[in-house]
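Trainee: This is upload.pdb, which holds PDB, C-alpha atoms:
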```
ATOM      1  CA  MET Z 525     -12.279  39.550  -5.721
ATOM      2  CA  PRO Z 526     -10.310  37.426  -3.226
ATOM      3  CA  ASN Z 527     -11.952  35.836  -0.241
ATOM      4  CA  LEU Z 528     -11.561  38.359   2.589
ATOM      5  CA  SER Z 529     -13.773  36.558   5.064
ATOM      6  CA  LEU Z 530     -12.578  34.895   8.243
ATOM      7  CA  TYR Z 531     -15.192  32.172   7.778
ATOM      8  CA  THR Z 532     -12.888  29.633   6.155
ATOM      9  CA  THR Z 533     -14.483  26.380   7.272
ATOM     10  CA  SER Z 534     -17.830  25.000   6.150
ATOM     11  CA  ALA Z 535     -17.796  21.758   8.130
ATOM     12  CA  PHE Z 536     -15.752  19.389  10.240
ATOM     13  CA  LEU Z 537     -16.428  15.647   9.962
ATOM     14  CA  ILE Z 538     -15.195  12.440  11.514
ATOM     15  CA  LEU Z 539     -16.333   9.298   9.697
ATOM     16  CA  ASP Z 540     -15.499   5.700  10.507
ATOM     17  CA  THR Z 541     -14.178   3.137   8.046
ATOM     18  CA  ASP Z 542     -17.727   2.173   7.050
ATOM     19  CA  GLY Z 543     -18.675   5.750   6.190
ATOM     20  CA  ASN Z 544     -20.827   6.250   9.285
ATOM     21  CA  ARG Z 545     -20.821   9.587  11.054
ATOM     22  CA  VAL Z 546     -18.919   9.699  14.320
ATOM     23  CA  LEU Z 547     -18.943  13.485  14.609
ATOM     24  CA  ALA Z 548     -20.161  16.232  12.299
ATOM     25  CA  LYS Z 549     -20.225  19.939  12.846
ATOM     26  CA  TYR Z 550     -21.512  22.181  10.068
ATOM     27  CA  TYR Z 551     -20.950  25.911  10.191
ATOM     28  CA  ASN Z 552     -23.361  28.417   8.695
ATOM     29  CA  ASN Z 553     -21.236  31.157   7.247
ATOM     30  CA  LYS Z 554     -22.709  34.536   8.042
ATOM     31  CA  ASN Z 555     -22.640  35.700   4.435
ATOM     32  CA  SER Z 556     -24.168  32.629   2.837
ATOM     33  CA  SER Z 557     -27.743  31.676   2.199
ATOM     34  CA  GLY Z 558     -28.462  28.801  -0.143
ATOM     35  CA  GLU Z 559     -25.641  29.139  -2.620
ATOM     36  CA  SER Z 560     -23.052  31.733  -1.667
ATOM     37  CA  GLU Z 561     -20.773  33.791  -3.847
ATOM     38  CA  THR Z 562     -18.128  31.067  -3.439
ATOM     39  CA  GLY Z 563     -20.340  28.605  -5.325
ATOM     40  CA  CYS Z 564     -20.872  26.138  -2.459
ATOM     41  CA  ARG Z 565     -24.296  24.638  -2.152
ATOM     42  CA  SER Z 566     -25.808  24.632   1.289
ATOM     43  CA  LEU Z 567     -25.842  21.451   3.390
ATOM     44  CA  THR Z 568     -28.571  22.468   5.821
ATOM     45  CA  THR Z 569     -30.750  19.369   6.028
ATOM     46  CA  LEU Z 570     -29.698  16.145   7.677
ATOM     47  CA  LYS Z 571     -30.555  14.217   4.511
ATOM     48  CA  ASP Z 572     -28.237  16.402   2.393
ATOM     49  CA  GLN Z 573     -25.479  16.138   4.969
ATOM     50  CA  ARG Z 574     -25.657  12.341   5.185
ATOM     51  CA  ALA Z 575     -25.752  11.978   1.404
ATOM     52  CA  TYR Z 576     -22.743  14.260   1.007
ATOM     53  CA  GLU Z 577     -20.830  12.435   3.759
ATOM     54  CA  LYS Z 578     -21.506   9.046   2.160
ATOM     55  CA  ALA Z 579     -20.453  10.258  -1.291
ATOM     56  CA  LEU Z 580     -17.325  11.948   0.088
ATOM     57  CA  TRP Z 581     -16.412   8.808   2.000
ATOM     58  CA  GLU Z 582     -16.755   6.756  -1.196
ATOM     59  CA  LYS Z 583     -14.198   9.023  -2.876
ATOM     60  CA  THR Z 584     -11.753   9.113   0.041
ATOM     61  CA  LYS Z 585     -12.062   5.735   1.776
ATOM     62  CA  LYS Z 586      -8.724   4.514   0.458
ATOM     63  CA  ALA Z 587      -5.654   6.087   2.020
ATOM     64  CA  GLY Z 588      -3.282   7.911  -0.254
ATOM     65  CA  GLY Z 589      -4.594  11.437  -0.608
ATOM     66  CA  ASP Z 590      -5.092  14.364   1.647
ATOM     67  CA  ILE Z 591      -7.083  16.881  -0.382
ATOM     68  CA  ILE Z 592      -9.965  16.665  -2.831
ATOM     69  CA  LEU Z 593     -12.333  19.080  -4.523
ATOM     70  CA  TYR Z 594     -15.676  17.329  -4.397
ATOM     71  CA  ASP Z 595     -19.137  18.692  -5.148
ATOM     72  CA  THR Z 596     -18.261  22.391  -4.714
ATOM     73  CA  TYR Z 597     -16.355  21.826  -1.439
ATOM     74  CA  LEU Z 598     -12.645  21.639  -0.843
ATOM     75  CA  ALA Z 599     -12.113  18.684   1.504
ATOM     76  CA  VAL Z 600      -8.866  18.234   3.398
ATOM     77  CA  TYR Z 601      -8.756  14.852   5.106
ATOM     78  CA  ARG Z 602      -6.559  12.574   7.153
ATOM     79  CA  HIS Z 603      -6.831   8.854   7.839
ATOM     80  CA  SER Z 604      -6.333   7.420  11.299
ATOM     81  CA  LEU Z 605      -6.637   3.779  12.350
ATOM     82  CA  ASP Z 606     -10.384   3.387  11.889
ATOM     83  CA  LEU Z 607     -11.417   7.029  11.379
ATOM     84  CA  ILE Z 608     -11.187   9.670   8.685
ATOM     85  CA  PHE Z 609     -11.039  13.343   9.705
ATOM     86  CA  TYR Z 610     -12.290  16.008   7.262
ATOM     87  CA  ILE Z 611     -12.323  19.777   7.138
ATOM     88  CA  LEU Z 612     -14.534  21.218   4.398
ATOM     89  CA  GLY Z 613     -14.217  24.695   2.996
ATOM     90  CA  PRO Z 614     -15.218  26.682  -0.074
ATOM     91  CA  PRO Z 615     -13.271  25.877  -3.261
ATOM     92  CA  VAL Z 616     -11.560  29.282  -3.239
ATOM     93  CA  GLU Z 617     -10.176  28.754   0.267
ATOM     94  CA  ASN Z 618      -6.485  28.320   1.010
ATOM     95  CA  GLU Z 619      -5.948  24.567   1.313
ATOM     96  CA  LEU Z 620      -2.733  25.059   3.295
ATOM     97  CA  MET Z 621      -4.664  26.865   6.017
ATOM     98  CA  LEU Z 622      -7.297  24.129   6.151
ATOM     99  CA  ASN Z 623      -4.561  21.510   6.265
ATOM    100  CA  ALA Z 624      -2.744  23.362   9.081
ATOM    101  CA  ALA Z 625      -5.961  23.421  11.110
ATOM    102  CA  LEU Z 626      -6.587  19.719  10.516
ATOM    103  CA  VAL Z 627      -3.018  18.746  11.433
ATOM    104  CA  ALA Z 628      -3.149  20.898  14.584
ATOM    105  CA  TYR Z 629      -6.475  19.374  15.609
ATOM    106  CA  PHE Z 630      -5.288  15.826  14.959
ATOM    107  CA  ASP Z 631      -2.000  16.354  16.810
ATOM    108  CA  ALA Z 632      -3.768  17.951  19.793
ATOM    109  CA  LEU Z 633      -6.204  15.053  19.874
ATOM    110  CA  SER Z 634      -3.286  12.615  19.747
ATOM    111  CA  ILE Z 635      -1.729  14.362  22.741
ATOM    112  CA  LEU Z 636      -4.979  14.340  24.703
ATOM    113  CA  LEU Z 637      -5.889  10.734  23.856
ATOM    114  CA  ARG Z 638      -2.313   9.498  24.380
ATOM    115  CA  ASN Z 639      -1.822   8.531  20.704
ATOM    116  CA  GLN Z 640      -4.919   6.322  20.699
ATOM    117  CA  VAL Z 641      -6.944   8.133  18.062
ATOM    118  CA  GLU Z 642      -9.450   5.410  17.263
ATOM    119  CA  LYS Z 643     -13.209   5.214  17.196
ATOM    120  CA  ARG Z 644     -13.668   3.766  20.664
ATOM    121  CA  SER Z 645     -11.423   6.309  22.404
ATOM    122  CA  VAL Z 646     -13.017   9.181  20.447
ATOM    123  CA  LEU Z 647     -16.494   8.094  21.526
ATOM    124  CA  ASP Z 648     -15.376   7.505  25.132
ATOM    125  CA  ASN Z 649     -13.810  10.977  25.295
ATOM    126  CA  LEU Z 650     -16.300  12.872  23.172
ATOM    127  CA  ASP Z 651     -16.209  15.839  25.541
ATOM    128  CA  ILE Z 652     -12.471  16.288  24.971
ATOM    129  CA  VAL Z 653     -12.889  15.781  21.225
ATOM    130  CA  LEU Z 654     -15.543  18.505  21.021
ATOM    131  CA  LEU Z 655     -13.622  20.917  23.246
ATOM    132  CA  CYS Z 656     -10.553  20.384  21.111
ATOM    133  CA  LEU Z 657     -12.608  21.126  17.999
ATOM    134  CA  ASP Z 658     -14.040  24.274  19.574
ATOM    135  CA  GLU Z 659     -10.539  25.469  20.450
ATOM    136  CA  THR Z 660      -9.422  24.918  16.848
ATOM    137  CA  ILE Z 661     -12.456  26.147  14.878
ATOM    138  CA  ASP Z 662     -15.003  28.584  16.261
ATOM    139  CA  ASP Z 663     -18.149  29.045  14.177
ATOM    140  CA  GLY Z 664     -16.265  28.419  10.926
ATOM    141  CA  VAL Z 665     -13.254  30.562  11.829
ATOM    142  CA  ILE Z 666      -9.908  28.854  12.375
ATOM    143  CA  VAL Z 667      -8.677  30.299  15.653
ATOM    144  CA  GLU Z 668      -5.662  28.143  16.525
ATOM    145  CA  THR Z 669      -3.146  26.060  14.602
ATOM    146  CA  ASP Z 670      -0.744  25.211  17.434
ATOM    147  CA  SER Z 671      -1.469  21.720  18.701
ATOM    148  CA  THR Z 672       0.244  22.125  22.071
ATOM    149  CA  ALA Z 673      -1.723  25.312  22.788
ATOM    150  CA  ILE Z 674      -4.965  23.548  21.906
ATOM    151  CA  ALA Z 675      -4.109  20.536  24.060
ATOM    152  CA  SER Z 676      -3.119  22.698  27.032
ATOM    153  CA  ARG Z 677      -6.423  24.601  26.908
ATOM    154  CA  VAL Z 678      -8.459  21.426  26.715
ATOM    155  CA  SER Z 679      -6.583  19.158  29.121
ATOM    156  CA  ARG Z 680      -8.193  18.310  32.400
ATOM    157  CA  PRO Z 681      -6.523  19.680  35.518
ATOM    158  CA  ARG Z 682      -4.645  17.069  37.460
ATOM    159  CA  ALA Z 683      -6.077  15.930  40.734
ATOM    160  CA  ASP Z 684      -4.468  17.404  43.818
ATOM    161  CA  THR Z 685      -1.315  15.448  44.559
ATOM    162  CA  THR Z 686      -1.486  15.996  48.314
ATOM    163  CA  ASP Z 687      -4.263  13.879  49.694
ATOM    164  CA  ILE Z 688      -5.729  14.840  53.037
ATOM    165  CA  VAL Z 689      -5.916  11.809  55.255
ATOM    166  CA  ILE Z 690      -8.676  11.966  57.821
ATOM    167  CA  ASN Z 691      -8.423   9.407  60.553
ATOM    168  CA  GLU Z 692      -9.089   9.190  64.287
ATOM    169  CA  GLU Z 693      -5.818  10.898  65.192
ATOM    170  CA  THR Z 694      -6.453  13.989  63.017
ATOM    171  CA  ILE Z 695      -9.980  14.331  64.379
ATOM    172  CA  MET Z 696      -8.679  14.142  67.968
ATOM    173  CA  ASN Z 697      -6.006  16.764  67.183
ATOM    174  CA  ALA Z 698      -8.653  19.096  65.747
ATOM    175  CA  TYR Z 699     -10.876  18.532  68.783
ATOM    176  CA  GLN Z 700      -8.008  19.280  71.205
ATOM    177  CA  THR Z 701      -7.131  22.483  69.297
ATOM    178  CA  VAL Z 702     -10.724  23.733  69.363
ATOM    179  CA  LYS Z 703     -11.068  22.806  73.046
ATOM    180  CA  ALA Z 704      -7.886  24.713  73.923
ATOM    181  CA  ARG Z 705      -8.965  27.852  72.068
ATOM    182  CA  VAL Z 706     -12.432  27.821  73.618
ATOM    183  CA  GLN Z 707     -10.889  27.517  77.080
ATOM    184  CA  GLN Z 708      -8.543  30.445  76.338
ATOM    185  CA  ARG Z 709     -11.465  32.674  75.350
ATOM    186  CA  ILE Z 710     -13.554  31.753  78.358
ATOM    187  CA  PHE Z 711     -10.835  32.411  80.915
TER     188      PHE Z 711
END
```
Can you dump the structure from the file as structure tokens?

Mentor:
Amino acid sequence: MPNLSLYTTSAFLILDTDGNRVLAKYYNNKNSSGESETGCRSLTTLKDQRAYEKALWEKTKKAGGDIILYDTYLAVYRHSLDLIFYILGPPVENELMLNAALVAYFDALSILLRNQVEKRSVLDNLDIVLLCLDETIDDGVIVETDSTAIASRVSRPRADTTDIVINEETIMNAYQTVKARVQQRIF
């Protein structure tokens, strides 16, 4: 029976070049408890998650690949300057869909961080990074694969370009206007 579930993603990870966690978001698929029908073991405890991340990093720390089937998870990954981005899914999942989500997320993040996708800028703008992730993957469901749409939803509104200058002259003008209107109402 083919996978008819929308829950395509098991986890999203960002690891640095030393294998340390920068960001990790694990999704509990609604139809899985322990080991699901897809054969994936559950990564519910922090100890299991860290061990899996370290082992996955050992397999993927050298650039050159973009997909690996490791320990009952299909991992699609992408190297940046000093970070590695991963999307994990069940082994029966469509790797092209996972790759499209990862590419869209990475491109949207590049737009938002002005092509400075490195550890320091990710940590400095963690709010944008998490919002971008939430716009791409919602509770294990890939909801958007268009990087410009993701970036436009996440981007901060620009500050108002017309600044209001308050000085002595504007305060006197306001006072004169109020004084004139009060006089008109009295008389």

Trainee: Mind telling me what the PyMOL selection byres ((chain Z and resi 658) around 12) catches here, as a PyMOL selection string?

Mentor: chain Z and resi 536+549+551+625+629+651-657+659-668+674-675+677-678

Trainee: Separation of atom CA of Z:Leu605 and atom CA of Z:Val641, in Å?

Mentor: 7.2 Å

Trainee: Just say which residues the PyMOL selection byres ((chain Z and resi 586) around 12) picks in this file, as a list in words.

Mentor: Thr541, Asp542, Gly543, Leu580, Trp581, Glu582, Lys583, Thr584, Lys585, Ala587, Gly588, Gly589, Asp590, Tyr601, Arg602, His603, Ser604, Asp606, Leu607 and Ile608 of chain Z

Trainee: One number please: atom CA of Z:Leu620 to atom CA of Z:Leu598, in Å, one decimal.

Mentor: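 Going from atom CA of Z:Leu620 over to atom CA of Z:Leu598 covers 11.3 Å.
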
Trainee: Taking all listed atoms of stretch 636-646 of chain Z, build the axis-aligned box, pad each of the six sides by 5 Å, then write its centre and edge lengths in Å to one decimal as JSON.

Mentor:
```
{"center_x": -7.7, "center_y": 9.1, "center_z": 20.9, "size_x": 21.8, "size_y": 20.6, "size_z": 17.5}
```

Trainee: Please compute the atom CA of Z:Thr533-atom CA of Z:Ala575 distance, one decimal, in Å.

Mentor: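 We find that atom CA of Z:Thr533 and atom CA of Z:Ala575 lie 19.2 Å from each other.
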
Trainee: For Z:Asn623, which of Z:Thr532, Z:Glu577, Z:Thr596, Z:Leu636 is the closest residue, counting all atoms listed in the file?

Mentor: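 So, comparing all the options, the nearest one is Z:Thr532.
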
Trainee: Between Z:Leu547, Z:Leu567, Z:Leu537, Z:Met696, which one has atoms that come closest to Z:Ala599, using all atoms listed in the file?

Mentor: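 Closest residue, counting all atoms listed in the file: Z:Leu537.
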
Trainee: If the PyMOL selection byres ((chain Z and resi 627) around 10) is run on the structure shown, which residues does it catch, given as a list of chain:residue names?

Mentor: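 Applied to this file, the PyMOL selection byres ((chain Z and resi 627) around 10) returns Z:Val600, Z:Tyr601, Z:Arg602, Z:Phe609, Z:Met621, Z:Leu622, Z:Asn623, Z:Ala624, Z:Ala625, Z:Leu626, Z:Ala628, Z:Tyr629, Z:Phe630, Z:Asp631, Z:Ala632, Z:Leu633, Z:Thr669, Z:Asp670, Z:Ser671.
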
Trainee: Have a look at Z:Ala579, Z:Ala673, Z:Ile592, Z:Leu647 and name the one nearest to Z:Ile538; count only C-alpha atoms.

Mentor: Z:Leu647
